>>> print(open('upload23.csv').read())   # CSV, C-alpha atoms
chain,number,residue,atom,x,y,z
Z,263,MET,CA,-18.3,20.6,-9.8
Z,264,SER,CA,-19.3,17.1,-8.7
Z,265,SER,CA,-18.3,15.8,-5.3
Z,266,TYR,CA,-16.4,13.0,-7.1
Z,267,LYS,CA,-14.2,15.6,-9.0
Z,268,LYS,CA,-13.7,17.7,-5.8
Z,269,ASN,CA,-12.6,14.6,-3.9
Z,270,LEU,CA,-10.3,13.6,-6.8
Z,271,ILE,CA,-8.7,17.1,-7.0
Z,272,SER,CA,-8.1,17.4,-3.2
Z,273,VAL,CA,-6.9,13.8,-2.8
Z,274,GLY,CA,-4.7,14.1,-6.0
Z,275,SER,CA,-3.1,17.3,-4.7
Z,276,LEU,CA,-2.1,15.8,-1.4
Z,277,SER,CA,-1.0,12.5,-3.0
Z,278,LEU,CA,1.2,14.4,-5.3
Z,279,LEU,CA,2.8,16.2,-2.3
Z,280,ASN,CA,3.3,12.8,-0.6
Z,281,VAL,CA,5.0,11.4,-3.7
Z,282,ILE,CA,7.3,14.4,-4.0
Z,283,PHE,CA,8.4,14.2,-0.4
Z,284,SER,CA,8.8,10.4,-0.5
Z,285,PHE,CA,10.8,10.6,-3.7
Z,286,LEU,CA,13.1,13.2,-2.3
Z,287,LEU,CA,13.6,11.1,0.8
Z,288,SER,CA,14.4,8.1,-1.4
Z,289,VAL,CA,17.0,10.1,-3.3
Z,290,VAL,CA,18.6,11.6,-0.2
Z,291,ILE,CA,18.8,8.2,1.6
Z,292,SER,CA,20.2,6.4,-1.5
Z,293,ARG,CA,22.9,9.0,-2.0
Z,294,GLU,CA,23.8,9.2,1.7
Z,295,TYR,CA,23.8,5.5,2.7
Z,296,GLY,CA,24.2,3.7,-0.7
Z,297,PRO,CA,22.5,0.5,-1.8
Z,298,GLU,CA,23.2,-1.4,1.4
Z,299,GLY,CA,22.1,1.4,3.7
Z,300,ARG,CA,19.0,1.9,1.6
Z,301,GLY,CA,18.2,-1.8,1.8
Z,302,PHE,CA,18.6,-1.7,5.6
Z,303,ILE,CA,16.2,1.2,6.0
Z,304,TYR,CA,13.5,0.3,3.4
Z,305,LEU,CA,13.3,-3.5,4.1
Z,306,PRO,CA,11.3,-3.1,7.4
Z,307,VAL,CA,9.3,-0.1,6.1
Z,308,THR,CA,8.3,-2.0,3.0
Z,309,LEU,CA,7.3,-5.1,5.0
Z,310,ILE,CA,5.2,-3.0,7.4
Z,311,THR,CA,3.3,-1.5,4.5
Z,312,LEU,CA,2.8,-5.0,3.0
Z,313,PHE,CA,1.4,-6.5,6.2
Z,314,LEU,CA,-0.8,-3.4,7.0
Z,315,PRO,CA,-4.0,-5.0,5.6
Z,316,ILE,CA,-3.4,-8.2,7.6
Z,317,LEU,CA,-2.4,-6.4,10.8
Z,318,THR,CA,-5.5,-4.2,10.6
Z,319,LEU,CA,-7.6,-7.3,9.8
Z,320,GLY,CA,-9.2,-5.3,6.9
Z,321,SER,CA,-11.1,-3.3,9.5
Z,322,LYS,CA,-11.5,-0.1,7.6
Z,323,GLN,CA,-13.0,-1.9,4.6
Z,324,SER,CA,-15.1,-4.2,6.7
Z,325,LEU,CA,-16.6,-1.4,8.8
Z,326,SER,CA,-17.1,0.8,5.8
Z,327,TYR,CA,-18.9,-2.0,4.0
Z,328,PHE,CA,-21.3,-2.9,6.9
Z,329,ILE,CA,-22.1,0.8,7.7
Z,330,SER,CA,-22.8,1.7,4.0
Z,331,SER,CA,-25.0,-1.4,3.7
Z,332,LYS,CA,-27.0,-0.2,6.7
Z,333,LYS,CA,-26.2,-3.3,8.7
Z,334,LEU,CA,-24.1,-1.5,11.3
Z,335,SER,CA,-24.4,1.9,13.0
Z,336,HIS,CA,-21.5,4.2,13.5
Z,337,GLU,CA,-22.0,4.1,17.3
Z,338,LEU,CA,-21.6,0.3,17.3
Z,339,SER,CA,-18.6,0.5,14.9
Z,340,LYS,CA,-16.8,2.6,17.6
Z,341,LYS,CA,-17.5,-0.2,20.0
Z,342,TYR,CA,-16.1,-2.9,17.7
Z,343,THR,CA,-13.0,-0.8,17.0
Z,344,ILE,CA,-12.1,-0.1,20.6
Z,345,LYS,CA,-13.1,-3.4,22.2
Z,346,PHE,CA,-12.3,-5.8,19.4
Z,347,TYR,CA,-10.0,-4.5,16.7
Z,348,ILE,CA,-7.5,-2.4,18.7
Z,349,PRO,CA,-6.5,-5.1,21.3
Z,350,ILE,CA,-6.1,-7.8,18.6
Z,351,THR,CA,-4.2,-5.6,16.2
Z,352,ILE,CA,-1.8,-4.4,18.8
Z,353,SER,CA,-1.0,-8.0,19.7
Z,354,LEU,CA,-0.5,-8.8,16.0
Z,355,CYS,CA,1.9,-5.8,15.7
Z,356,PHE,CA,4.0,-7.1,18.6
Z,357,ILE,CA,4.2,-10.6,17.1
Z,358,PHE,CA,5.1,-9.1,13.8
Z,359,SER,CA,7.9,-7.0,15.3
Z,360,ILE,CA,9.3,-10.0,17.3
Z,361,PHE,CA,9.3,-12.3,14.3
Z,362,PHE,CA,10.9,-9.7,12.0
Z,363,VAL,CA,13.8,-9.1,14.4
Z,364,PHE,CA,14.1,-12.9,15.0
Z,365,ILE,CA,14.7,-13.6,11.3
Z,366,ASN,CA,16.7,-10.4,10.7
Z,367,VAL,CA,19.3,-10.2,13.4
Z,368,GLU,CA,20.7,-6.9,12.0
Z,369,TYR,CA,17.6,-5.3,13.6
Z,370,ASP,CA,17.8,-6.8,17.1
Z,371,SER,CA,18.7,-3.4,18.6
Z,372,TYR,CA,15.6,-1.8,17.0
Z,373,LEU,CA,12.7,-3.9,18.2
Z,374,LEU,CA,11.0,-1.1,20.1
Z,375,ILE,CA,11.4,1.3,17.3
Z,376,LEU,CA,10.0,-1.1,14.7
Z,377,PHE,CA,7.0,-1.9,17.0
Z,378,LEU,CA,6.3,1.8,17.4
Z,379,ILE,CA,6.3,2.3,13.6
Z,380,VAL,CA,4.0,-0.6,12.9
Z,381,VAL,CA,1.5,-0.1,15.8
Z,382,THR,CA,1.1,3.7,15.0
Z,383,ARG,CA,0.5,3.0,11.3
Z,384,VAL,CA,-2.0,0.3,12.1
Z,385,VAL,CA,-4.0,2.4,14.4
Z,386,THR,CA,-3.9,5.3,12.0
Z,387,ASP,CA,-5.2,3.0,9.2
Z,388,ILE,CA,-8.0,1.5,11.2
Z,389,TYR,CA,-9.6,4.9,12.1
Z,390,SER,CA,-9.6,6.0,8.4
Z,391,TYR,CA,-12.9,4.2,7.9
Z,392,ASN,CA,-14.6,7.3,9.2
Z,393,HIS,CA,-13.2,9.4,6.3
Z,394,ILE,CA,-14.1,6.8,3.7
Z,395,LEU,CA,-17.7,6.8,4.7
Z,396,LYS,CA,-17.8,10.6,4.8
Z,397,ARG,CA,-16.2,10.7,1.4
Z,398,LYS,CA,-13.4,12.7,3.1
Z,399,ASN,CA,-10.6,10.8,1.4
Z,400,PHE,CA,-8.4,13.9,1.3
Z,401,ILE,CA,-8.2,13.7,5.1
Z,402,ILE,CA,-6.6,10.3,4.8
Z,403,ASN,CA,-4.0,11.8,2.4
Z,404,LEU,CA,-3.6,14.8,4.6
Z,405,ILE,CA,-2.6,12.6,7.5
Z,406,VAL,CA,-0.1,10.8,5.2
Z,407,SER,CA,1.2,14.2,4.1
Z,408,VAL,CA,1.8,15.2,7.7
Z,409,ARG,CA,3.8,12.0,8.2
Z,410,CYS,CA,5.7,12.5,4.9
Z,411,VAL,CA,6.7,16.1,5.8
Z,412,LEU,CA,7.8,15.1,9.3
Z,413,ASP,CA,9.8,12.2,7.8
Z,414,PHE,CA,11.5,14.6,5.5
Z,415,VAL,CA,12.3,17.1,8.3
Z,416,PHE,CA,13.5,14.6,10.8
Z,417,ILE,CA,15.6,12.6,8.3
Z,418,PHE,CA,17.2,15.8,7.0
Z,419,ILE,CA,18.3,16.6,10.5
Z,420,VAL,CA,19.6,13.0,11.0
Z,421,ILE,CA,21.6,13.2,7.8
Z,422,TYR,CA,22.9,16.7,8.5
Z,423,TYR,CA,24.4,15.5,11.8
Z,424,LYS,CA,25.8,12.4,10.1
Z,425,GLN,CA,23.9,9.8,12.1
Z,426,GLY,CA,23.4,6.2,11.1
Z,427,GLU,CA,20.5,4.2,9.6
Z,428,GLY,CA,19.0,3.4,13.1
Z,429,TRP,CA,18.3,7.1,13.5
Z,430,ILE,CA,16.4,7.1,10.2
Z,431,LEU,CA,14.1,4.3,11.6
Z,432,LEU,CA,13.6,6.4,14.8
Z,433,SER,CA,12.6,9.3,12.6
Z,434,TYR,CA,9.9,7.2,10.9
Z,435,ALA,CA,8.7,6.1,14.3
Z,436,VAL,CA,8.3,9.6,15.7
Z,437,SER,CA,6.5,11.0,12.6
Z,438,SER,CA,4.2,7.9,12.5
Z,439,PHE,CA,3.3,8.6,16.2
Z,440,ILE,CA,2.5,12.2,15.5
Z,441,ALA,CA,0.4,11.3,12.5
Z,442,MET,CA,-1.5,8.7,14.6
Z,443,VAL,CA,-2.4,11.4,17.3
Z,444,PHE,CA,-3.6,13.7,14.5
Z,445,GLN,CA,-5.8,10.9,13.1
Z,446,LEU,CA,-7.3,10.1,16.5
Z,447,LYS,CA,-8.0,13.8,17.1
Z,448,ILE,CA,-9.8,14.2,13.8
Z,449,SER,CA,-11.7,10.9,14.0
Z,450,SER,CA,-13.1,11.7,17.5
Z,451,ARG,CA,-15.1,14.6,15.9
Z,452,VAL,CA,-16.7,12.4,13.1
Z,453,GLU,CA,-20.2,11.4,13.8
Z,454,PHE,CA,-22.8,9.4,11.8
Z,455,TYR,CA,-26.5,9.1,12.6
Z,456,SER,CA,-28.2,5.8,12.3
Z,457,LEU,CA,-31.1,4.1,14.0
Z,458,ASN,CA,-29.6,0.7,13.4
Z,459,LYS,CA,-28.8,-0.9,16.7
Z,460,ILE,CA,-28.3,-4.5,15.5
Z,461,GLU,CA,-25.1,-6.0,16.8
Z,462,ILE,CA,-23.2,-8.0,14.2
Z,463,LYS,CA,-21.2,-10.9,15.4
Z,464,ASN,CA,-17.4,-10.2,15.8
Z,465,THR,CA,-16.7,-13.2,13.5
Z,466,GLU,CA,-18.9,-11.8,10.7
Z,467,ILE,CA,-17.0,-8.5,10.7
Z,468,LEU,CA,-13.7,-10.3,11.0
Z,469,LEU,CA,-14.4,-12.6,8.1
Z,470,LYS,CA,-15.5,-9.8,5.9
Z,471,GLY,CA,-12.3,-7.8,6.8
Z,472,VAL,CA,-10.1,-10.8,6.0
Z,473,GLN,CA,-11.8,-11.1,2.6
Z,474,PHE,CA,-10.9,-7.5,1.9
Z,475,ALA,CA,-7.4,-7.7,3.4
Z,476,LEU,CA,-6.1,-10.9,1.9
Z,477,PRO,CA,-6.2,-9.8,-1.8
Z,478,LEU,CA,-4.4,-6.5,-0.9
Z,479,PHE,CA,-1.9,-8.5,1.1
Z,480,LEU,CA,-1.2,-11.1,-1.5
Z,481,ILE,CA,-0.7,-8.6,-4.3
Z,482,GLY,CA,1.8,-6.7,-2.2
Z,483,LEU,CA,3.4,-9.9,-1.2
Z,484,ASN,CA,4.8,-10.3,-4.7
Z,485,VAL,CA,7.2,-7.4,-4.3
Z,486,SER,CA,7.9,-7.8,-0.6
Z,487,PHE,CA,8.7,-11.5,-0.9
Z,488,ASP,CA,11.2,-10.4,-3.6
Z,489,LEU,CA,13.0,-8.3,-1.0
Z,490,VAL,CA,13.1,-11.0,1.6
Z,491,ILE,CA,14.5,-13.7,-0.8
Z,492,LEU,CA,17.0,-11.2,-2.3
Z,493,LYS,CA,18.3,-10.4,1.2
Z,494,TYR,CA,18.6,-14.1,2.0
Z,495,PHE,CA,20.5,-15.0,-1.2
Z,496,LYS,CA,22.3,-11.8,-2.1
Z,497,GLY,CA,22.3,-9.3,0.8
Z,498,LEU,CA,21.0,-5.9,1.6
Z,499,SER,CA,22.9,-4.2,-1.2
Z,500,GLU,CA,20.9,-6.1,-3.8
Z,501,VAL,CA,17.8,-5.3,-1.9
Z,502,GLY,CA,18.6,-1.6,-2.2
Z,503,ILE,CA,19.2,-1.8,-5.9
Z,504,TYR,CA,15.9,-3.7,-6.5
Z,505,GLN,CA,13.9,-1.5,-4.2
Z,506,THR,CA,15.0,1.6,-6.0
Z,507,SER,CA,13.7,0.1,-9.3
Z,508,VAL,CA,10.4,-0.6,-7.6
Z,509,THR,CA,10.2,3.0,-6.3
Z,510,ILE,CA,10.3,4.4,-9.8
Z,511,ALA,CA,8.0,1.7,-11.2
Z,512,ASN,CA,5.4,2.7,-8.5
Z,513,LEU,CA,5.3,6.1,-10.1
Z,514,LEU,CA,3.1,4.5,-12.8
Z,515,TRP,CA,0.5,3.6,-10.1
Z,516,ILE,CA,0.2,7.1,-8.6
Z,517,LEU,CA,-2.8,8.3,-10.5
Z,518,PRO,CA,-4.6,5.0,-10.5
Z,519,SER,CA,-4.1,4.7,-6.8
Z,520,ILE,CA,-5.5,8.2,-6.2
Z,521,ILE,CA,-8.6,7.4,-8.3
Z,522,SER,CA,-9.0,4.0,-6.7
Z,523,SER,CA,-9.0,5.5,-3.2
Z,524,VAL,CA,-11.7,7.9,-4.1
Z,525,SER,CA,-13.7,5.4,-6.2
Z,526,PHE,CA,-14.1,2.9,-3.3
Z,527,SER,CA,-16.0,5.3,-1.1
Z,528,PHE,CA,-18.3,6.4,-4.0
Z,529,ALA,CA,-18.8,2.8,-5.3
Z,530,LEU,CA,-20.0,1.8,-1.8
Z,531,ASP,CA,-22.9,4.3,-2.2
Z,532,LEU,CA,-23.6,3.6,-5.9
Z,533,LYS,CA,-23.4,-0.2,-5.9
Z,534,GLU,CA,-27.2,-0.5,-5.9
Z,535,SER,CA,-27.6,1.8,-8.9
Z,536,LYS,CA,-26.3,-0.1,-11.9
Z,537,ASN,CA,-26.3,2.8,-14.3
Z,538,GLU,CA,-24.4,5.2,-12.0
Z,539,PHE,CA,-22.1,2.4,-11.0
Z,540,GLU,CA,-21.2,1.7,-14.6
Z,541,LYS,CA,-20.7,5.4,-15.3
Z,542,LEU,CA,-18.2,5.6,-12.5
Z,543,ILE,CA,-16.3,2.5,-13.8
Z,544,LYS,CA,-16.0,4.1,-17.3
Z,545,LYS,CA,-14.6,7.3,-15.8
Z,546,THR,CA,-12.1,5.4,-13.8
Z,547,PHE,CA,-11.0,2.9,-16.6
Z,548,ILE,CA,-9.8,5.7,-18.9
Z,549,ILE,CA,-6.8,6.1,-16.6
Z,550,ILE,CA,-5.2,3.0,-18.2
Z,551,ILE,CA,-5.1,4.8,-21.5
Z,552,ILE,CA,-3.7,8.0,-20.0
Z,553,SER,CA,-1.0,5.9,-18.2
Z,554,LEU,CA,0.4,4.4,-21.5
Z,555,PRO,CA,2.5,7.5,-22.5
Z,556,VAL,CA,3.7,7.8,-18.9
Z,557,ALA,CA,5.0,4.2,-19.1
Z,558,ILE,CA,6.7,4.9,-22.4
Z,559,ALA,CA,8.4,8.0,-21.1
Z,560,LEU,CA,9.6,6.3,-18.0
Z,561,PHE,CA,11.0,3.4,-20.1
Z,562,ILE,CA,12.9,5.8,-22.4
Z,563,LEU,CA,14.3,8.0,-19.6
Z,564,SER,CA,15.1,5.2,-17.1
Z,565,ASP,CA,18.9,5.1,-17.7
Z,566,PHE,CA,19.1,8.9,-17.1
Z,567,ILE,CA,16.7,8.8,-14.1
Z,568,PHE,CA,18.6,6.2,-12.1
Z,569,ILE,CA,22.2,7.4,-12.8
Z,570,PHE,CA,21.5,11.1,-12.6
Z,571,VAL,CA,19.1,11.1,-9.7
Z,572,TYR,CA,20.4,8.2,-7.6
Z,573,GLY,CA,24.1,8.0,-8.6
Z,574,ASP,CA,26.4,5.5,-10.4
Z,575,GLU,CA,25.9,2.9,-7.7
Z,576,PHE,CA,22.4,2.4,-8.9
Z,577,PHE,CA,23.0,1.9,-12.7
Z,578,LYS,CA,21.8,-1.7,-12.4
Z,579,SER,CA,18.4,-0.4,-11.2
Z,580,ALA,CA,17.6,0.9,-14.7
Z,581,MET,CA,17.9,-2.5,-16.3
Z,582,ILE,CA,15.7,-4.1,-13.5
Z,583,PHE,CA,13.2,-1.3,-13.9
Z,584,LYS,CA,12.8,-2.0,-17.7
Z,585,ILE,CA,12.0,-5.6,-16.9
Z,586,LEU,CA,9.5,-4.7,-14.2
Z,587,LEU,CA,7.6,-1.9,-16.2
Z,588,PRO,CA,5.4,-4.1,-18.5
Z,589,GLY,CA,4.2,-6.1,-15.5
Z,590,TYR,CA,3.4,-2.9,-13.5
Z,591,PHE,CA,1.5,-1.5,-16.5
Z,592,ILE,CA,-0.7,-4.7,-16.8
Z,593,MET,CA,-1.4,-4.5,-13.1
Z,594,LEU,CA,-3.1,-1.1,-13.7
Z,595,ILE,CA,-6.1,-3.2,-14.4
Z,596,TYR,CA,-6.1,-4.4,-10.8
Z,597,LYS,CA,-5.5,-0.9,-9.4
Z,598,VAL,CA,-8.4,0.5,-11.4
Z,599,MET,CA,-11.0,-2.2,-11.0
Z,600,TYR,CA,-10.4,-3.7,-7.5
Z,601,PRO,CA,-12.4,-0.9,-5.7
Z,602,PHE,CA,-15.5,-1.8,-7.7
Z,603,VAL,CA,-15.1,-5.5,-7.1
Z,604,ALA,CA,-14.5,-4.8,-3.4
Z,605,ALA,CA,-17.6,-2.5,-3.2
Z,606,LYS,CA,-19.7,-5.4,-4.5
Z,607,GLY,CA,-18.2,-7.6,-1.7
Z,608,ASN,CA,-16.9,-10.1,-4.3
Z,609,THR,CA,-13.3,-10.5,-3.1
Z,610,TYR,CA,-13.0,-14.3,-2.9
Z,611,SER,CA,-12.0,-14.8,-6.6
Z,612,ALA,CA,-9.5,-11.9,-6.4
Z,613,MET,CA,-8.0,-13.6,-3.4
Z,614,LEU,CA,-7.6,-16.9,-5.2
Z,615,ILE,CA,-5.9,-15.2,-8.2
Z,616,PHE,CA,-3.5,-13.3,-6.0
Z,617,LEU,CA,-2.7,-16.5,-4.1
Z,618,LEU,CA,-2.0,-18.3,-7.4
Z,619,CYS,CA,0.3,-15.5,-8.7
Z,620,PHE,CA,2.1,-15.4,-5.4
Z,621,ILE,CA,2.8,-19.1,-5.6
Z,622,ILE,CA,4.1,-18.7,-9.2
Z,623,ASN,CA,6.3,-15.8,-8.0
Z,624,VAL,CA,7.7,-17.8,-5.1
Z,625,ILE,CA,8.6,-20.8,-7.4
Z,626,LEU,CA,10.2,-18.5,-10.0
Z,627,ASN,CA,12.1,-16.6,-7.3
Z,628,ILE,CA,13.5,-19.7,-5.8
Z,629,ILE,CA,14.7,-20.8,-9.2
Z,630,LEU,CA,15.9,-17.5,-10.6
Z,631,THR,CA,17.1,-15.3,-7.7
Z,632,PRO,CA,20.0,-17.4,-6.4
Z,633,ARG,CA,21.5,-17.5,-9.9
Z,634,PHE,CA,20.6,-14.1,-11.4
Z,635,GLY,CA,20.1,-11.9,-8.3
Z,636,ALA,CA,17.8,-8.9,-8.7
Z,637,VAL,CA,17.4,-9.5,-12.5
Z,638,GLY,CA,15.9,-12.9,-11.8
Z,639,THR,CA,13.7,-11.4,-9.2
Z,640,ALA,CA,12.4,-8.8,-11.7
Z,641,TYR,CA,11.5,-11.5,-14.2
Z,642,SER,CA,9.7,-13.4,-11.5
Z,643,THR,CA,7.6,-10.4,-10.7
Z,644,LEU,CA,7.0,-9.6,-14.4
Z,645,ILE,CA,5.6,-13.0,-15.1
Z,646,SER,CA,3.4,-13.2,-11.9
Z,647,TYR,CA,2.0,-9.6,-12.5
Z,648,THR,CA,1.2,-10.4,-16.1
Z,649,ILE,CA,-0.8,-13.5,-15.2
Z,650,CYS,CA,-2.5,-11.7,-12.3
Z,651,GLY,CA,-3.5,-8.7,-14.5
Z,652,ILE,CA,-5.0,-10.9,-17.2
Z,653,LEU,CA,-6.9,-13.1,-14.9
Z,654,PHE,CA,-8.2,-10.0,-13.0
Z,655,ILE,CA,-9.9,-8.8,-16.2
Z,656,PHE,CA,-12.2,-11.9,-16.2
Z,657,ILE,CA,-13.1,-11.8,-12.5
Z,658,SER,CA,-13.8,-8.0,-12.6
Z,659,TYR,CA,-16.2,-8.5,-15.5
Z,660,LYS,CA,-18.0,-11.4,-13.6
Z,661,ALA,CA,-18.1,-9.6,-10.3
Z,662,ILE,CA,-19.5,-6.4,-11.6
Z,663,ASN,CA,-22.0,-7.8,-14.1
Z,664,HIS,CA,-23.2,-10.9,-12.3
Z,665,ASP,CA,-24.3,-10.2,-8.7
>>> encode(input="upload23.csv", output="structure tokens")
Amino acid sequence: MSSYKKNLISVGSLSLLNVIFSFLLSVVISREYGPEGRGFIYLPVTLITLFLPILTLGSKQSLSYFISSKKLSHELSKKYTIKFYIPITISLCFIFSIFFVFINVEYDSYLLILFLIVVTRVVTDIYSYNHILKRKNFIINLIVSVRCVLDFVFIFIVIYYKQGEGWILLSYAVSSFIAMVFQLKISSRVEFYSLNKIEIKNTEILLKGVQFALPLFLIGLNVSFDLVILKYFKGLSEVGIYQTSVTIANLLWILPSIISSVSFSFALDLKESKNEFEKLIKKTFIIIIISLPVAIALFILSDFIFIFVYGDEFFKSAMIFKILLPGYFIMLIYKVMYPFVAAKGNTYSAMLIFLLCFIINVILNIILTPRFGAVGTAYSTLISYTICGILFIFISYKAINHD
């Protein structure tokens, strides 16, 4: 069995475990705390996930790129991480936490908890570059699995003892801290051997990281901006309804995300071999065809899924989900092809496309959300995702075939 398939199976197994635990948590939290409580819990968690590429400054992609290109040794990458990335990212995490609490006064008692969640997840993400280069993607997912299992255990205890939403956030903070310690312990044992002692300027590494981070941030900003504007105009209950729809829509992205995470590390090594690179693309692209029956099944069963699984309070989520689903399917193109575009280092065009689509989403949200609530938000996302997916076809072709 090829190393690619072995990686795919190991990463896929752990990712499936993560999805199961996350989904169960989603259901338990929704039934216990209702739409408003779910909105309170998932708003900061979703925004932290969104800002992760920016808060890490794209460090894992940037370091992976320079080491794989033989422009940076692993020894020097450790130096850049400890002396450059960690101090800056911790400062960014603190600024993010302060700003979030400032604009969301409901969370003013949870500043320290939110800071702990964000800083532990940032540090965990930064050190994952070691595993990307070693093609040990399953370790990244193993660490996420550890966090998901701990989330489930701690939150189950919180709910059993009838505690409030703040204790749920504390549970996330504790499990993220344990996962970070686990990551640091594993990463300390990873070694690469390289004679390259050339020191790259901090600005060069930073700029490359930002080129990787911005497209990831902008595409996530579509959904996360939806939650922010929904909260502003309609309140946390509408956030909970909409975010539940997004949770089910994300199921369509599970397999593409697994394959993409593995493809990036292999594409870094194969980018100089055109034939092997194209073979890997063909293997990956078939996932779009496989995902079509999954999308159809989710569409047909959506009413049953939301009412039976989440409860009658979430009946509106089914309608929102049906609006979102076509846009999410079209965005499979991005999920599948972006690792290859990134491996080539051609991220500038992708960044411009995502910026354009974000601007379209903002304008549509401002027009539609105040009047139609979560339904208007869903149509805004559908339109922006559709435009983004179509444009990404063209830039993927150009980036891969015209170096």
>>> closest_residue(input="upload23.csv", among="Z:Ser433, Z:Thr465, Z:Ser390, Z:Gln425", to="Z:Ser450", atoms="all atoms listed in the file")
Z:Ser390
>>> closest_residue(input="upload23.csv", among="Z:Phe495, Z:Ser339, Z:Phe283, Z:Asp574", to="Z:Val408", atoms="all atoms listed in the file")
Z:Phe283
>>> residues_around(input="upload23.csv", residues="Z:Leu317", least_positions_apart="6", cutoff="10 Å", atoms="only C-alpha atoms", output="list in words")
Ile310, Thr311, Tyr347, Ile350, Thr351, Ile352, Ser353, Leu354, Cys355, Phe358, Val380, Val381, Arg383, Val384, Val385, Asp387, Ile388, Ala475 and Phe479 of chain Z
>>> residues_around(input="upload23.csv", residues="stretch 623-638 of chain Z", least_positions_apart="2", cutoff="12 Å", atoms="all atoms listed in the file", output="PyMOL selection string")
chain Z and resi 480-508+578-586+616-621+640-650
>>> atom_distance(input="upload23.csv", atom1="atom CA of Z:Ala435", atom2="atom CA of Z:Ile303")
12.2 Å
>>> closest_residue(input="upload23.csv", among="Z:Ser449, Z:Ser371, Z:Ser564, Z:Thr343", to="Z:Ser359", atoms="all atoms listed in the file")
Z:Ser371
>>> closest_residue(input="upload23.csv", among="Z:Gly573, Z:Gly471, Z:Pro477, Z:Pro315", to="Z:Gly296", atoms="only C-alpha atoms")
Z:Gly573
>>> residues_around(input="upload23.csv", residues="Z:Phe414", least_positions_apart="4", cutoff="12 Å", atoms="all atoms listed in the file", output="JSON, numbers by chain")
{"Z": [279, 280, 281, 282, 283, 284, 285, 286, 287, 288, 289, 290, 291, 407, 408, 409, 410, 418, 419, 420, 421, 422, 430, 433, 434, 436, 437]}
>>> closest_residue(input="upload23.csv", among="Z:Leu378, Z:Leu513, Z:Ala612, Z:Leu560", to="Z:Leu478", atoms="all atoms listed in the file")
Z:Ala612
>>> closest_residue(input="upload23.csv", among="Z:Ile379, Z:Arg293, Z:Leu469, Z:Val411", to="Z:Phe568", atoms="all atoms listed in the file")
Z:Arg293
>>> residues_near_point(input="upload23.csv", point="(14.2, -9.9, 11.6)", cutoff="12 Å", atoms="all atoms listed in the file", output="list in words")
Phe302, Leu305, Pro306, Leu309, Ile357, Phe358, Ser359, Ile360, Phe361, Phe362, Val363, Phe364, Ile365, Asn366, Val367, Glu368, Tyr369, Asp370, Ser371, Tyr372, Leu373, Leu376, Val490, Lys493 and Tyr494 of chain Z
>>> write_last_selection(input="upload23.csv", atoms="C-alpha atoms", output="CSV table (one decimal), in the frame of the given file")
chain,number,residue,atom,x,y,z
Z,302,PHE,CA,18.6,-1.7,5.6
Z,305,LEU,CA,13.3,-3.5,4.1
Z,306,PRO,CA,11.3,-3.1,7.4
Z,309,LEU,CA,7.3,-5.1,5.0
Z,357,ILE,CA,4.2,-10.6,17.1
Z,358,PHE,CA,5.1,-9.1,13.8
Z,359,SER,CA,7.9,-7.0,15.3
Z,360,ILE,CA,9.3,-10.0,17.3
Z,361,PHE,CA,9.3,-12.3,14.3
Z,362,PHE,CA,10.9,-9.7,12.0
Z,363,VAL,CA,13.8,-9.1,14.4
Z,364,PHE,CA,14.1,-12.9,15.0
Z,365,ILE,CA,14.7,-13.6,11.3
Z,366,ASN,CA,16.7,-10.4,10.7
Z,367,VAL,CA,19.3,-10.2,13.4
Z,368,GLU,CA,20.7,-6.9,12.0
Z,369,TYR,CA,17.6,-5.3,13.6
Z,370,ASP,CA,17.8,-6.8,17.1
Z,371,SER,CA,18.7,-3.4,18.6
Z,372,TYR,CA,15.6,-1.8,17.0
Z,373,LEU,CA,12.7,-3.9,18.2
Z,376,LEU,CA,10.0,-1.1,14.7
Z,490,VAL,CA,13.1,-11.0,1.6
Z,493,LYS,CA,18.3,-10.4,1.2
Z,494,TYR,CA,18.6,-14.1,2.0
>>> atom_distance(input="upload23.csv", atom1="atom CA of Z:Ile551", atom2="atom CA of Z:Asp565")
24.3 Å
